[in-house]
Amino acid sequence: MAAHTQPGRPNQLFRNLNSKIASIPMMLTAVVIFLGGTIWTVVYSFTNSKLLPRLSFVGLEQYERLWDTPRWIVSIQNLATYGCLSLIFSLTIGFLLAALMDQKIRFENTFRTIFLYPFALSFIVTGLVWQWILNPEFGVQSVIRSLGWTSFAFDPLYNSDIVIYGILIAALWQGTGLVMCLMLAGLRGIDEDIWKAARVDGIPMWKTYLFIIIPMMRPVFVTTLVIIASGIVRIYDLVVAQTSGGPGIASDVPAKYVYDYMFFAQNLGQGFAASTMMLLAVAIIIVPWAYLEFGGRKRG
Amino acid sequence: MDKSLTMPISGAAISGPAGSRLEAGPQGKRPRKVLSSRNVIVYGALGLAALYYLLPLYVMVVTSLKGMPEIRLGNIFSPPMEITFEPWVKAWAQACTGLNCDGLSRGFWNSVRITVPSVIVSIAIASVNGYALANWRFKGSEIFFTILIVGAFIPYQVMIYPIVIVLREMGLYGTLYGLILVHSIFGMPIQTLLFRNYFVSLPEELFKAARIDGAGFWQIYLRIMLPMSLPIFVVSMILQTTGIWNDFLFGVVFTRPDTYPMTVQLNNIVNSVQGVKEYNVNMAATLLTGAVPLIVYFVSGRLFVRGIAAGAVKG
């Protein structure tokens, strides 16, 4: 706006000086922390740093060791299972709730308040509550058994085969409210006339949603997808609170692997390599999205 | 819409009790059947979902008000037969983490001492940044902004260790100041985006008029932009307060046991392996930790929704 060049002014550096001074924190953060920190970690992931970061390069050795570690494989499998299911369920449930909320219902504010309040809570609180509810001795399992179904078994937090589903339940409870809100905003953005036209043509409501409304909401779905997906890769607090990665290592996730190797096992190289893999996973999600979203047109 | 059309008619009808009979034909909306099958499905589904969402909160409250003997006997969904506030007192003042047995109160005050300055610093920085990006673009400003936004998606684990080193060099590692700095840094992308989008949406004429009148960068910010952007400050405060209060990862990495924020201390209390598990105390502690963001959420209402929506839409 105020930045069009004037050939009469000699020194470009001092143009807009106050603005530049005010932006120093942002520039430092962007360049030193975000860019510099990321490059630093990636570079050191090729070294054999143990207790302290050292610059003795060993090529891809850390990555080979990483992919030979059973614990890492378990983390990746957990992340894949959790990620896919979490995406599918949170999008489906979020959209269904939003569609129900969009039926010109009464008490809309009350319902939204109820669906969204878990999102205000931390993952630690979420994890601890669900740890209690899923407690096999006192929680859901024991309640259903006491109703007469004595062989009922649902103890995800103590059964390494299904522990990740226990975490999924808690994560969905915490996060679907947000998806619902985003979807509802998307639904509200759709022109009322579309609905009228569909009604005139006698298209049933579910068909209108499926073939007209959802395709129209593509940008909303993409944005939501990116938000959920980048949250999935980061999942850490919830696992720590709910299961501490257990039983054994059954509910381990990459973020926890990174943390443990960096700060407990004092194997920095492994931690750096694992976090670089996380970065790669995020890049695979973000780069195509950013390209599609911002690549084509000029921003401003 | 149809309400405004019928207004004058019903206004005339009010003039006399007999007036309504004079009106020809039915007026107002067609009365809907309350128990139509559509309503039953919609409200039934919403009601069930609401129950599922409310259940954990209910279980937390109920458990925290029971005594341990009752918990061992009954089921977690039954209301307490005898209400006791002892678990709350114990969680606040006596619960143990490691060797400290002074309860969650320590974590609470640590969290307050972390959250308040972090929110103020991060909003101050982000609002000025957003203002500079919206109204005083300079060569390269958009590049820094893009790096910032992309950086918001990078997993924190990637940047944690370099930050540990930087803080150690600055002598801030393990102190509350270090953590405040970290929160300000990681709050920056989303906050800057929020403020930038808001300032861009303000009419440009205001800014131009002020410039013609001779106002400079800081003068325009303080005397024109700030007073006009109170709502966005509130929204961003809500976002930052809940976000920083709920943080766990930074707390656990960048503080020491005596400066642990509430979430970290809560996790240590509940997941400690020693001693008999006191589920009622655990749930009281969990509720206490969740209370601050919950109060912020319930008080702020629509603003919270606006905040997360604004944070979610692309810039």
# chains A, B, ... in the order shown; residues from 1 in each chain; ligands from 1
call {"tool": "residues_around", "arguments": {"residues": "region 81-91 of chain A", "least_positions_apart": "4", "cutoff": "9 Å", "atoms": "only C-alpha atoms", "output": "list in words"}}
result
Ile76, Gln77, Phe95, Leu96, Ile164, Tyr165, Ile167, Leu168, Ile169, Ala171, Leu172, Gly175, Thr176, Gly177, Val179, Met180, Met183, Phe221, Thr224, Leu225, Ile228, Ala229, Ile232 and Val233 of chain A
call {"tool": "select_by_dssp", "arguments": {"residues": "region 26-260 of chain B", "states": "strand (DSSP E or B)", "output": "number ranges by chain"}}
result
B: 97, 100, 174, 255
call {"tool": "write_last_selection", "arguments": {"atoms": "N, CA and C atoms", "output": "PDB file, in the first residue's frame"}}
result
ATOM      1  N   THR B  97       3.328 -34.595  44.276  1.00  0.00           N
ATOM      2  CA  THR B  97       4.082 -34.922  43.080  1.00  0.00           C
ATOM      3  C   THR B  97       5.509 -35.101  43.531  1.00  0.00           C
ATOM      4  N   ASN B 100       7.138 -33.130  46.689  1.00  0.00           N
ATOM      5  CA  ASN B 100       6.315 -31.999  47.114  1.00  0.00           C
ATOM      6  C   ASN B 100       4.894 -32.459  47.398  1.00  0.00           C
ATOM      7  N   GLY B 174      14.758 -23.243  31.787  1.00  0.00           N
ATOM      8  CA  GLY B 174      14.259 -23.688  33.077  1.00  0.00           C
ATOM      9  C   GLY B 174      13.572 -22.584  33.859  1.00  0.00           C
ATOM     10  N   THR B 255      10.508 -26.120  31.699  1.00  0.00           N
ATOM     11  CA  THR B 255      10.511 -25.726  33.108  1.00  0.00           C
ATOM     12  C   THR B 255      11.074 -26.835  33.975  1.00  0.00           C
TER      13      THR B 255
END
call {"tool": "atom_distance", "arguments": {"atom1": "CA of Leu178 (chain A)", "atom2": "CA of Leu116 (chain A)"}}
result
6.3 Å
call {"tool": "interface_residues", "arguments": {"of": "chain A", "to": "chain B", "cutoff": "7 Å", "atoms": "only C-alpha atoms", "output": "PyMOL selection string"}}
result
chain A and resi 1-3+16+18-19+22-23+26-27+29-30+34+37-38+41+100+111+114-115+120-122+124-125+129+138-139+143+173+182+230+234+237+241+255+258+275-276+278-279+282
call {"tool": "atom_distance", "arguments": {"atom1": "CA of Pro261 (chain B)", "atom2": "CA of Ile114 (chain B)"}}
result
7.6 Å
call {"tool": "atom_distance", "arguments": {"atom1": "CA of Ser37 (chain B)", "atom2": "CA of Ile93 (chain A)"}}
result
21.5 Å
call {"tool": "select_by_dssp", "arguments": {"residues": "region 103-296 of chain B", "states": "alpha helix (DSSP H)", "output": "short mmCIF file (atom, residue, chain, number, x, y, z; two decimals) with N, CA and C atoms, in the first residue's frame"}}
result
data_model
loop_
_atom_site.label_atom_id
_atom_site.label_comp_id
_atom_site.auth_asym_id
_atom_site.auth_seq_id
_atom_site.Cartn_x
_atom_site.Cartn_y
_atom_site.Cartn_z
N SER B 105 -2.12 -26.27 43.94
CA SER B 105 -2.13 -24.81 44.03
C SER B 105 -0.84 -24.24 43.47
N ARG B 106 0.28 -24.93 43.72
CA ARG B 106 1.57 -24.47 43.19
C ARG B 106 1.52 -24.40 41.66
N GLY B 107 1.02 -25.48 41.04
CA GLY B 107 0.91 -25.49 39.58
C GLY B 107 -0.02 -24.41 39.08
N PHE B 108 -1.10 -24.19 39.83
CA PHE B 108 -2.05 -23.16 39.43
C PHE B 108 -1.37 -21.80 39.36
N TRP B 109 -0.65 -21.46 40.42
CA TRP B 109 -0.02 -20.14 40.45
C TRP B 109 1.10 -20.05 39.42
N ASN B 110 1.82 -21.17 39.21
CA ASN B 110 2.82 -21.16 38.14
C ASN B 110 2.15 -20.88 36.80
N SER B 111 1.03 -21.56 36.55
CA SER B 111 0.33 -21.36 35.28
C SER B 111 -0.14 -19.93 35.13
N VAL B 112 -0.62 -19.34 36.23
CA VAL B 112 -1.03 -17.93 36.16
C VAL B 112 0.16 -17.06 35.81
N ARG B 113 1.29 -17.34 36.48
CA ARG B 113 2.48 -16.52 36.23
C ARG B 113 3.04 -16.73 34.82
N ILE B 114 2.72 -17.87 34.23
CA ILE B 114 3.15 -18.11 32.84
C ILE B 114 2.16 -17.49 31.87
N THR B 115 0.86 -17.74 32.12
CA THR B 115 -0.15 -17.37 31.13
C THR B 115 -0.30 -15.86 30.98
N VAL B 116 -0.39 -15.15 32.12
CA VAL B 116 -0.68 -13.71 32.03
C VAL B 116 0.38 -12.96 31.22
N PRO B 117 1.67 -13.07 31.58
CA PRO B 117 2.66 -12.34 30.76
C PRO B 117 2.74 -12.86 29.33
N SER B 118 2.60 -14.17 29.14
CA SER B 118 2.68 -14.71 27.77
C SER B 118 1.60 -14.13 26.90
N VAL B 119 0.37 -14.07 27.45
CA VAL B 119 -0.73 -13.53 26.66
C VAL B 119 -0.46 -12.08 26.31
N ILE B 120 -0.03 -11.29 27.30
CA ILE B 120 0.19 -9.87 27.04
C ILE B 120 1.31 -9.68 26.02
N VAL B 121 2.43 -10.35 26.23
CA VAL B 121 3.57 -10.16 25.32
C VAL B 121 3.21 -10.63 23.92
N SER B 122 2.60 -11.81 23.81
CA SER B 122 2.37 -12.34 22.47
C SER B 122 1.35 -11.50 21.71
N ILE B 123 0.34 -10.98 22.42
CA ILE B 123 -0.65 -10.16 21.73
C ILE B 123 -0.05 -8.81 21.33
N ALA B 124 0.78 -8.25 22.22
CA ALA B 124 1.41 -6.98 21.87
C ALA B 124 2.25 -7.13 20.61
N ILE B 125 3.07 -8.17 20.58
CA ILE B 125 3.93 -8.38 19.41
C ILE B 125 3.09 -8.66 18.17
N ALA B 126 2.12 -9.57 18.32
CA ALA B 126 1.37 -10.01 17.14
C ALA B 126 0.52 -8.88 16.57
N SER B 127 -0.05 -8.03 17.45
CA SER B 127 -0.90 -6.97 16.92
C SER B 127 -0.07 -5.96 16.14
N VAL B 128 1.12 -5.62 16.65
CA VAL B 128 1.98 -4.70 15.92
C VAL B 128 2.42 -5.33 14.59
N ASN B 129 2.76 -6.61 14.65
CA ASN B 129 3.14 -7.31 13.42
C ASN B 129 2.02 -7.29 12.40
N GLY B 130 0.83 -7.63 12.86
CA GLY B 130 -0.30 -7.68 11.95
C GLY B 130 -0.57 -6.31 11.35
N TYR B 131 -0.41 -5.29 12.17
CA TYR B 131 -0.61 -3.91 11.70
C TYR B 131 0.43 -3.54 10.65
N ALA B 132 1.68 -3.89 10.92
CA ALA B 132 2.74 -3.59 9.95
C ALA B 132 2.47 -4.33 8.64
N LEU B 133 2.04 -5.59 8.76
CA LEU B 133 1.81 -6.38 7.55
C LEU B 133 0.59 -5.89 6.77
N ALA B 134 -0.37 -5.34 7.48
CA ALA B 134 -1.58 -4.90 6.79
C ALA B 134 -1.41 -3.52 6.16
N ASN B 135 -0.78 -2.61 6.91
CA ASN B 135 -0.77 -1.21 6.46
C ASN B 135 0.59 -0.67 6.05
N SER B 141 8.28 -8.24 3.46
CA SER B 141 7.44 -8.50 4.62
C SER B 141 6.55 -9.73 4.40
N GLU B 142 6.08 -9.89 3.16
CA GLU B 142 5.22 -11.04 2.88
C GLU B 142 5.99 -12.35 2.96
N ILE B 143 7.28 -12.28 2.63
CA ILE B 143 8.08 -13.52 2.70
C ILE B 143 8.20 -13.98 4.14
N PHE B 144 8.51 -13.01 5.04
CA PHE B 144 8.61 -13.39 6.45
C PHE B 144 7.29 -13.93 6.95
N PHE B 145 6.22 -13.30 6.51
CA PHE B 145 4.90 -13.74 6.95
C PHE B 145 4.62 -15.16 6.47
N THR B 146 4.98 -15.44 5.22
CA THR B 146 4.76 -16.80 4.71
C THR B 146 5.54 -17.83 5.51
N ILE B 147 6.82 -17.49 5.81
CA ILE B 147 7.62 -18.42 6.62
C ILE B 147 6.93 -18.66 7.96
N LEU B 148 6.41 -17.57 8.52
CA LEU B 148 5.76 -17.66 9.83
C LEU B 148 4.57 -18.61 9.77
N ILE B 149 3.74 -18.47 8.72
CA ILE B 149 2.54 -19.28 8.63
C ILE B 149 2.89 -20.74 8.34
N VAL B 150 3.85 -20.96 7.47
CA VAL B 150 4.29 -22.33 7.21
C VAL B 150 4.85 -22.92 8.50
N GLY B 151 5.58 -22.08 9.25
CA GLY B 151 6.16 -22.54 10.50
C GLY B 151 5.13 -23.03 11.50
N TYR B 156 6.28 -29.15 16.65
CA TYR B 156 7.13 -28.48 17.62
C TYR B 156 8.39 -29.30 17.92
N GLN B 157 8.26 -30.60 17.84
CA GLN B 157 9.41 -31.45 18.18
C GLN B 157 10.63 -31.12 17.34
N VAL B 158 10.38 -30.63 16.13
CA VAL B 158 11.50 -30.32 15.23
C VAL B 158 12.29 -29.13 15.77
N MET B 159 11.60 -28.19 16.41
CA MET B 159 12.29 -26.96 16.81
C MET B 159 12.67 -26.90 18.28
N ILE B 160 12.25 -27.92 19.02
CA ILE B 160 12.44 -27.82 20.47
C ILE B 160 13.91 -27.78 20.86
N TYR B 161 14.71 -28.66 20.29
CA TYR B 161 16.07 -28.74 20.79
C TYR B 161 16.89 -27.49 20.50
N PRO B 162 16.81 -26.96 19.25
CA PRO B 162 17.50 -25.68 19.01
C PRO B 162 17.07 -24.59 19.99
N ILE B 163 15.78 -24.58 20.34
CA ILE B 163 15.32 -23.56 21.28
C ILE B 163 15.92 -23.79 22.67
N VAL B 164 16.03 -25.07 23.04
CA VAL B 164 16.67 -25.37 24.33
C VAL B 164 18.07 -24.78 24.34
N ILE B 165 18.80 -24.96 23.25
CA ILE B 165 20.17 -24.45 23.19
C ILE B 165 20.19 -22.92 23.27
N VAL B 166 19.30 -22.28 22.48
CA VAL B 166 19.25 -20.81 22.49
C VAL B 166 18.93 -20.31 23.89
N LEU B 167 17.94 -20.92 24.54
CA LEU B 167 17.57 -20.47 25.88
C LEU B 167 18.69 -20.70 26.87
N ARG B 168 19.40 -21.81 26.72
CA ARG B 168 20.49 -22.10 27.62
C ARG B 168 21.59 -21.03 27.47
N GLU B 169 21.86 -20.68 26.21
CA GLU B 169 22.86 -19.63 25.96
C GLU B 169 22.44 -18.31 26.58
N MET B 170 21.12 -18.04 26.55
CA MET B 170 20.63 -16.79 27.11
C MET B 170 20.46 -16.87 28.62
N LEU B 176 10.76 -19.26 34.19
CA LEU B 176 9.46 -18.88 33.65
C LEU B 176 9.61 -17.95 32.46
N TYR B 177 10.66 -17.10 32.49
CA TYR B 177 10.85 -16.16 31.38
C TYR B 177 11.08 -16.92 30.07
N GLY B 178 11.85 -17.99 30.17
CA GLY B 178 12.11 -18.79 28.97
C GLY B 178 10.82 -19.32 28.39
N LEU B 179 9.97 -19.86 29.26
CA LEU B 179 8.71 -20.43 28.80
C LEU B 179 7.81 -19.34 28.21
N ILE B 180 7.82 -18.16 28.84
CA ILE B 180 7.01 -17.05 28.32
C ILE B 180 7.47 -16.68 26.92
N LEU B 181 8.79 -16.65 26.74
CA LEU B 181 9.34 -16.36 25.42
C LEU B 181 8.89 -17.41 24.40
N VAL B 182 8.96 -18.68 24.80
CA VAL B 182 8.57 -19.76 23.89
C VAL B 182 7.10 -19.63 23.50
N HIS B 183 6.25 -19.36 24.48
CA HIS B 183 4.82 -19.20 24.17
C HIS B 183 4.59 -18.02 23.23
N SER B 184 5.34 -16.93 23.46
CA SER B 184 5.17 -15.77 22.58
C SER B 184 5.58 -16.12 21.16
N ILE B 185 6.63 -16.90 21.03
CA ILE B 185 7.11 -17.27 19.69
C ILE B 185 6.09 -18.15 18.98
N PHE B 186 5.60 -19.17 19.67
CA PHE B 186 4.72 -20.11 18.98
C PHE B 186 3.29 -19.62 18.87
N GLY B 187 2.95 -18.57 19.63
CA GLY B 187 1.64 -17.99 19.44
C GLY B 187 1.63 -17.01 18.27
N MET B 188 2.82 -16.63 17.83
CA MET B 188 2.92 -15.56 16.85
C MET B 188 2.23 -15.85 15.52
N PRO B 189 2.44 -17.01 14.90
CA PRO B 189 1.83 -17.21 13.58
C PRO B 189 0.32 -16.97 13.57
N ILE B 190 -0.39 -17.66 14.43
CA ILE B 190 -1.84 -17.61 14.35
C ILE B 190 -2.35 -16.23 14.77
N GLN B 191 -1.67 -15.64 15.78
CA GLN B 191 -2.08 -14.32 16.25
C GLN B 191 -1.82 -13.25 15.20
N THR B 192 -0.66 -13.32 14.57
CA THR B 192 -0.34 -12.35 13.53
C THR B 192 -1.35 -12.45 12.40
N LEU B 193 -1.67 -13.68 12.02
CA LEU B 193 -2.66 -13.89 10.97
C LEU B 193 -3.99 -13.25 11.34
N LEU B 194 -4.39 -13.49 12.58
CA LEU B 194 -5.66 -12.95 13.08
C LEU B 194 -5.68 -11.43 12.98
N PHE B 195 -4.62 -10.78 13.48
CA PHE B 195 -4.58 -9.32 13.49
C PHE B 195 -4.42 -8.77 12.08
N ARG B 196 -3.59 -9.42 11.29
CA ARG B 196 -3.40 -8.93 9.92
C ARG B 196 -4.73 -8.94 9.18
N ASN B 197 -5.45 -10.06 9.27
CA ASN B 197 -6.73 -10.14 8.56
C ASN B 197 -7.72 -9.09 9.07
N TYR B 198 -7.67 -8.83 10.36
CA TYR B 198 -8.59 -7.84 10.90
C TYR B 198 -8.23 -6.44 10.41
N PHE B 199 -6.96 -6.09 10.46
CA PHE B 199 -6.55 -4.74 10.05
C PHE B 199 -6.76 -4.53 8.56
N VAL B 200 -6.59 -5.59 7.78
CA VAL B 200 -6.84 -5.48 6.34
C VAL B 200 -8.31 -5.15 6.09
N SER B 201 -9.18 -5.70 6.94
CA SER B 201 -10.62 -5.51 6.72
C SER B 201 -11.09 -4.11 7.13
N GLU B 204 -9.61 1.48 4.41
CA GLU B 204 -8.29 2.03 4.16
C GLU B 204 -8.27 3.55 4.32
N GLU B 205 -9.44 4.17 4.09
CA GLU B 205 -9.52 5.63 4.12
C GLU B 205 -9.08 6.18 5.48
N LEU B 206 -9.41 5.45 6.53
CA LEU B 206 -9.03 5.89 7.87
C LEU B 206 -7.52 6.05 7.96
N PHE B 207 -6.86 5.03 7.50
CA PHE B 207 -5.41 5.02 7.55
C PHE B 207 -4.84 6.16 6.71
N LYS B 208 -5.41 6.32 5.51
CA LYS B 208 -4.90 7.37 4.61
C LYS B 208 -5.14 8.75 5.20
N ALA B 209 -6.33 8.95 5.75
CA ALA B 209 -6.64 10.24 6.34
C ALA B 209 -5.66 10.57 7.46
N ALA B 210 -5.36 9.58 8.27
CA ALA B 210 -4.43 9.81 9.37
C ALA B 210 -3.04 10.14 8.85
N ARG B 211 -2.66 9.50 7.77
CA ARG B 211 -1.33 9.78 7.20
C ARG B 211 -1.27 11.20 6.68
N ILE B 212 -2.35 11.61 6.02
CA ILE B 212 -2.37 12.97 5.49
C ILE B 212 -2.28 13.97 6.63
N PHE B 217 3.74 5.87 12.19
CA PHE B 217 3.47 4.45 12.42
C PHE B 217 2.84 4.18 13.78
N TRP B 218 3.52 4.61 14.83
CA TRP B 218 3.04 4.30 16.18
C TRP B 218 1.80 5.11 16.54
N GLN B 219 1.77 6.35 16.04
CA GLN B 219 0.62 7.19 16.36
C GLN B 219 -0.67 6.59 15.78
N ILE B 220 -0.59 6.14 14.52
CA ILE B 220 -1.78 5.55 13.91
C ILE B 220 -2.17 4.28 14.65
N LEU B 226 -5.78 0.71 17.53
CA LEU B 226 -6.07 0.08 18.82
C LEU B 226 -7.51 0.29 19.27
N PRO B 227 -8.00 1.53 19.30
CA PRO B 227 -9.37 1.72 19.79
C PRO B 227 -10.41 1.03 18.91
N MET B 228 -10.05 0.81 17.62
CA MET B 228 -11.04 0.21 16.73
C MET B 228 -11.03 -1.31 16.78
N LEU B 230 -10.87 -3.49 19.47
CA LEU B 230 -11.09 -4.15 20.75
C LEU B 230 -11.61 -5.59 20.62
N PRO B 231 -12.61 -5.82 19.73
CA PRO B 231 -13.13 -7.19 19.63
C PRO B 231 -12.05 -8.20 19.27
N ILE B 232 -11.18 -7.84 18.34
CA ILE B 232 -10.17 -8.82 17.93
C ILE B 232 -9.16 -9.05 19.05
N PHE B 233 -8.92 -8.02 19.88
CA PHE B 233 -8.05 -8.23 21.03
C PHE B 233 -8.67 -9.22 22.00
N VAL B 234 -9.97 -9.09 22.19
CA VAL B 234 -10.64 -10.02 23.11
C VAL B 234 -10.57 -11.43 22.55
N VAL B 235 -10.88 -11.57 21.25
CA VAL B 235 -10.84 -12.90 20.63
C VAL B 235 -9.44 -13.50 20.78
N SER B 236 -8.44 -12.71 20.52
CA SER B 236 -7.09 -13.25 20.57
C SER B 236 -6.67 -13.55 22.00
N MET B 237 -7.18 -12.77 22.96
CA MET B 237 -6.89 -13.09 24.36
C MET B 237 -7.49 -14.42 24.76
N ILE B 238 -8.72 -14.66 24.29
CA ILE B 238 -9.38 -15.93 24.61
C ILE B 238 -8.57 -17.09 24.05
N LEU B 239 -8.20 -16.97 22.78
CA LEU B 239 -7.43 -18.04 22.14
C LEU B 239 -6.14 -18.31 22.88
N GLN B 240 -5.40 -17.24 23.19
CA GLN B 240 -4.10 -17.40 23.80
C GLN B 240 -4.21 -17.93 25.23
N THR B 241 -5.18 -17.40 25.98
CA THR B 241 -5.31 -17.84 27.36
C THR B 241 -5.57 -19.34 27.43
N THR B 242 -6.57 -19.81 26.66
CA THR B 242 -6.86 -21.25 26.72
C THR B 242 -5.69 -22.04 26.16
N GLY B 243 -5.10 -21.57 25.07
CA GLY B 243 -4.00 -22.30 24.44
C GLY B 243 -2.81 -22.45 25.37
N ILE B 244 -2.42 -21.36 26.01
CA ILE B 244 -1.22 -21.40 26.85
C ILE B 244 -1.51 -22.15 28.15
N TRP B 245 -2.69 -21.96 28.68
CA TRP B 245 -3.04 -22.69 29.90
C TRP B 245 -3.01 -24.18 29.65
N ASN B 246 -3.49 -24.59 28.48
CA ASN B 246 -3.60 -26.02 28.18
C ASN B 246 -2.31 -26.65 27.71
N LEU B 249 3.46 -29.74 26.42
CA LEU B 249 4.79 -30.04 25.87
C LEU B 249 5.84 -29.00 26.26
N PHE B 250 5.54 -27.73 26.05
CA PHE B 250 6.52 -26.69 26.37
C PHE B 250 6.77 -26.64 27.87
N GLY B 251 5.71 -26.84 28.63
CA GLY B 251 5.85 -26.83 30.07
C GLY B 251 6.81 -27.91 30.53
N VAL B 252 6.66 -29.09 29.96
CA VAL B 252 7.48 -30.21 30.43
C VAL B 252 8.92 -30.06 29.94
N VAL B 253 9.12 -29.44 28.79
CA VAL B 253 10.48 -29.31 28.26
C VAL B 253 11.22 -28.14 28.90
N PHE B 254 10.52 -27.01 29.05
CA PHE B 254 11.24 -25.79 29.37
C PHE B 254 11.16 -25.36 30.83
N MET B 262 0.38 -26.03 35.56
CA MET B 262 -0.66 -26.87 36.17
C MET B 262 -0.85 -28.20 35.42
N THR B 263 -0.86 -28.14 34.07
CA THR B 263 -1.12 -29.38 33.32
C THR B 263 -0.06 -30.43 33.61
N VAL B 264 1.20 -30.00 33.67
CA VAL B 264 2.28 -30.95 33.90
C VAL B 264 2.16 -31.54 35.30
N GLN B 265 1.88 -30.65 36.26
CA GLN B 265 1.74 -31.14 37.63
C GLN B 265 0.55 -32.09 37.76
N LEU B 266 -0.53 -31.76 37.10
CA LEU B 266 -1.72 -32.62 37.13
C LEU B 266 -1.37 -34.01 36.61
N ASN B 267 -0.69 -34.05 35.48
CA ASN B 267 -0.32 -35.33 34.91
C ASN B 267 0.57 -36.12 35.86
N ASN B 268 1.49 -35.43 36.52
CA ASN B 268 2.37 -36.12 37.46
C ASN B 268 1.61 -36.65 38.66
N ILE B 269 0.63 -35.88 39.13
CA ILE B 269 -0.16 -36.33 40.28
C ILE B 269 -0.95 -37.58 39.90
N VAL B 270 -1.69 -37.49 38.79
CA VAL B 270 -2.61 -38.58 38.46
C VAL B 270 -1.86 -39.82 38.00
N TYR B 279 -9.02 -41.90 43.12
CA TYR B 279 -9.66 -41.44 41.89
C TYR B 279 -10.45 -40.15 42.11
N ASN B 280 -11.03 -40.01 43.28
CA ASN B 280 -11.81 -38.79 43.51
C ASN B 280 -10.91 -37.56 43.55
N VAL B 281 -9.73 -37.71 44.17
CA VAL B 281 -8.78 -36.59 44.20
C VAL B 281 -8.30 -36.30 42.79
N ASN B 282 -8.03 -37.38 42.03
CA ASN B 282 -7.58 -37.18 40.65
C ASN B 282 -8.60 -36.40 39.83
N MET B 283 -9.86 -36.77 39.97
CA MET B 283 -10.88 -36.09 39.17
C MET B 283 -11.08 -34.65 39.63
N ALA B 284 -10.97 -34.42 40.95
CA ALA B 284 -11.06 -33.04 41.43
C ALA B 284 -9.91 -32.22 40.87
N ALA B 285 -8.72 -32.82 40.83
CA ALA B 285 -7.56 -32.11 40.29
C ALA B 285 -7.75 -31.84 38.80
N THR B 286 -8.29 -32.83 38.09
CA THR B 286 -8.52 -32.65 36.66
C THR B 286 -9.51 -31.52 36.41
N LEU B 287 -10.58 -31.51 37.20
CA LEU B 287 -11.58 -30.45 37.05
C LEU B 287 -10.98 -29.09 37.36
N LEU B 288 -10.15 -29.04 38.40
CA LEU B 288 -9.53 -27.76 38.76
C LEU B 288 -8.68 -27.24 37.62
N THR B 289 -7.95 -28.15 36.97
CA THR B 289 -7.10 -27.71 35.86
C THR B 289 -7.93 -27.29 34.66
N GLY B 290 -9.04 -28.02 34.44
CA GLY B 290 -9.89 -27.66 33.31
C GLY B 290 -10.76 -26.45 33.57
N ALA B 291 -10.84 -26.03 34.84
CA ALA B 291 -11.80 -24.98 35.19
C ALA B 291 -11.51 -23.66 34.49
N VAL B 292 -10.23 -23.28 34.43
CA VAL B 292 -9.91 -21.97 33.87
C VAL B 292 -10.33 -21.86 32.39
N PRO B 293 -9.87 -22.79 31.52
CA PRO B 293 -10.34 -22.69 30.13
C PRO B 293 -11.85 -22.85 30.00
N LEU B 294 -12.46 -23.68 30.85
CA LEU B 294 -13.92 -23.85 30.77
C LEU B 294 -14.63 -22.55 31.11
N ILE B 295 -14.16 -21.86 32.14
CA ILE B 295 -14.79 -20.60 32.51
C ILE B 295 -14.62 -19.59 31.38
N VAL B 296 -13.39 -19.52 30.85
CA VAL B 296 -13.16 -18.62 29.72
C VAL B 296 -14.12 -18.95 28.59
#
call {"tool": "residues_around", "arguments": {"residues": "Met216 (chain A)", "least_positions_apart": "2", "cutoff": "12 Å", "atoms": "only C-alpha atoms", "output": "PDB file with C-alpha atoms, in the first residue's frame"}}
result
ATOM      1  CA  MET A 183     -18.563 -27.330   8.809  1.00  0.00           C
ATOM      2  CA  GLY A 186     -19.385 -23.725   5.607  1.00  0.00           C
ATOM      3  CA  LEU A 187     -23.023 -24.790   5.449  1.00  0.00           C
ATOM      4  CA  ARG A 188     -24.148 -21.311   6.437  1.00  0.00           C
ATOM      5  CA  GLY A 189     -22.074 -19.909   3.616  1.00  0.00           C
ATOM      6  CA  ILE A 190     -24.098 -21.771   1.033  1.00  0.00           C
ATOM      7  CA  ASP A 191     -26.687 -19.738  -0.791  1.00  0.00           C
ATOM      8  CA  ILE A 194     -29.409 -23.649  -3.920  1.00  0.00           C
ATOM      9  CA  THR A 208     -28.833 -32.600  -2.037  1.00  0.00           C
ATOM     10  CA  TYR A 209     -26.255 -32.853   0.717  1.00  0.00           C
ATOM     11  CA  LEU A 210     -24.272 -35.590  -0.935  1.00  0.00           C
ATOM     12  CA  PHE A 211     -24.173 -34.368  -4.518  1.00  0.00           C
ATOM     13  CA  ILE A 212     -24.640 -30.602  -4.288  1.00  0.00           C
ATOM     14  CA  ILE A 213     -23.713 -29.243  -0.888  1.00  0.00           C
ATOM     15  CA  ILE A 214     -20.633 -31.324  -0.107  1.00  0.00           C
ATOM     16  CA  ARG A 218     -14.736 -28.469  -0.980  1.00  0.00           C
ATOM     17  CA  PRO A 219     -12.606 -25.570   0.333  1.00  0.00           C
ATOM     18  CA  VAL A 220     -14.041 -25.991   3.824  1.00  0.00           C
ATOM     19  CA  PHE A 221     -13.307 -29.704   3.742  1.00  0.00           C
ATOM     20  CA  VAL A 222      -9.764 -29.125   2.542  1.00  0.00           C
TER      21      VAL A 222
END
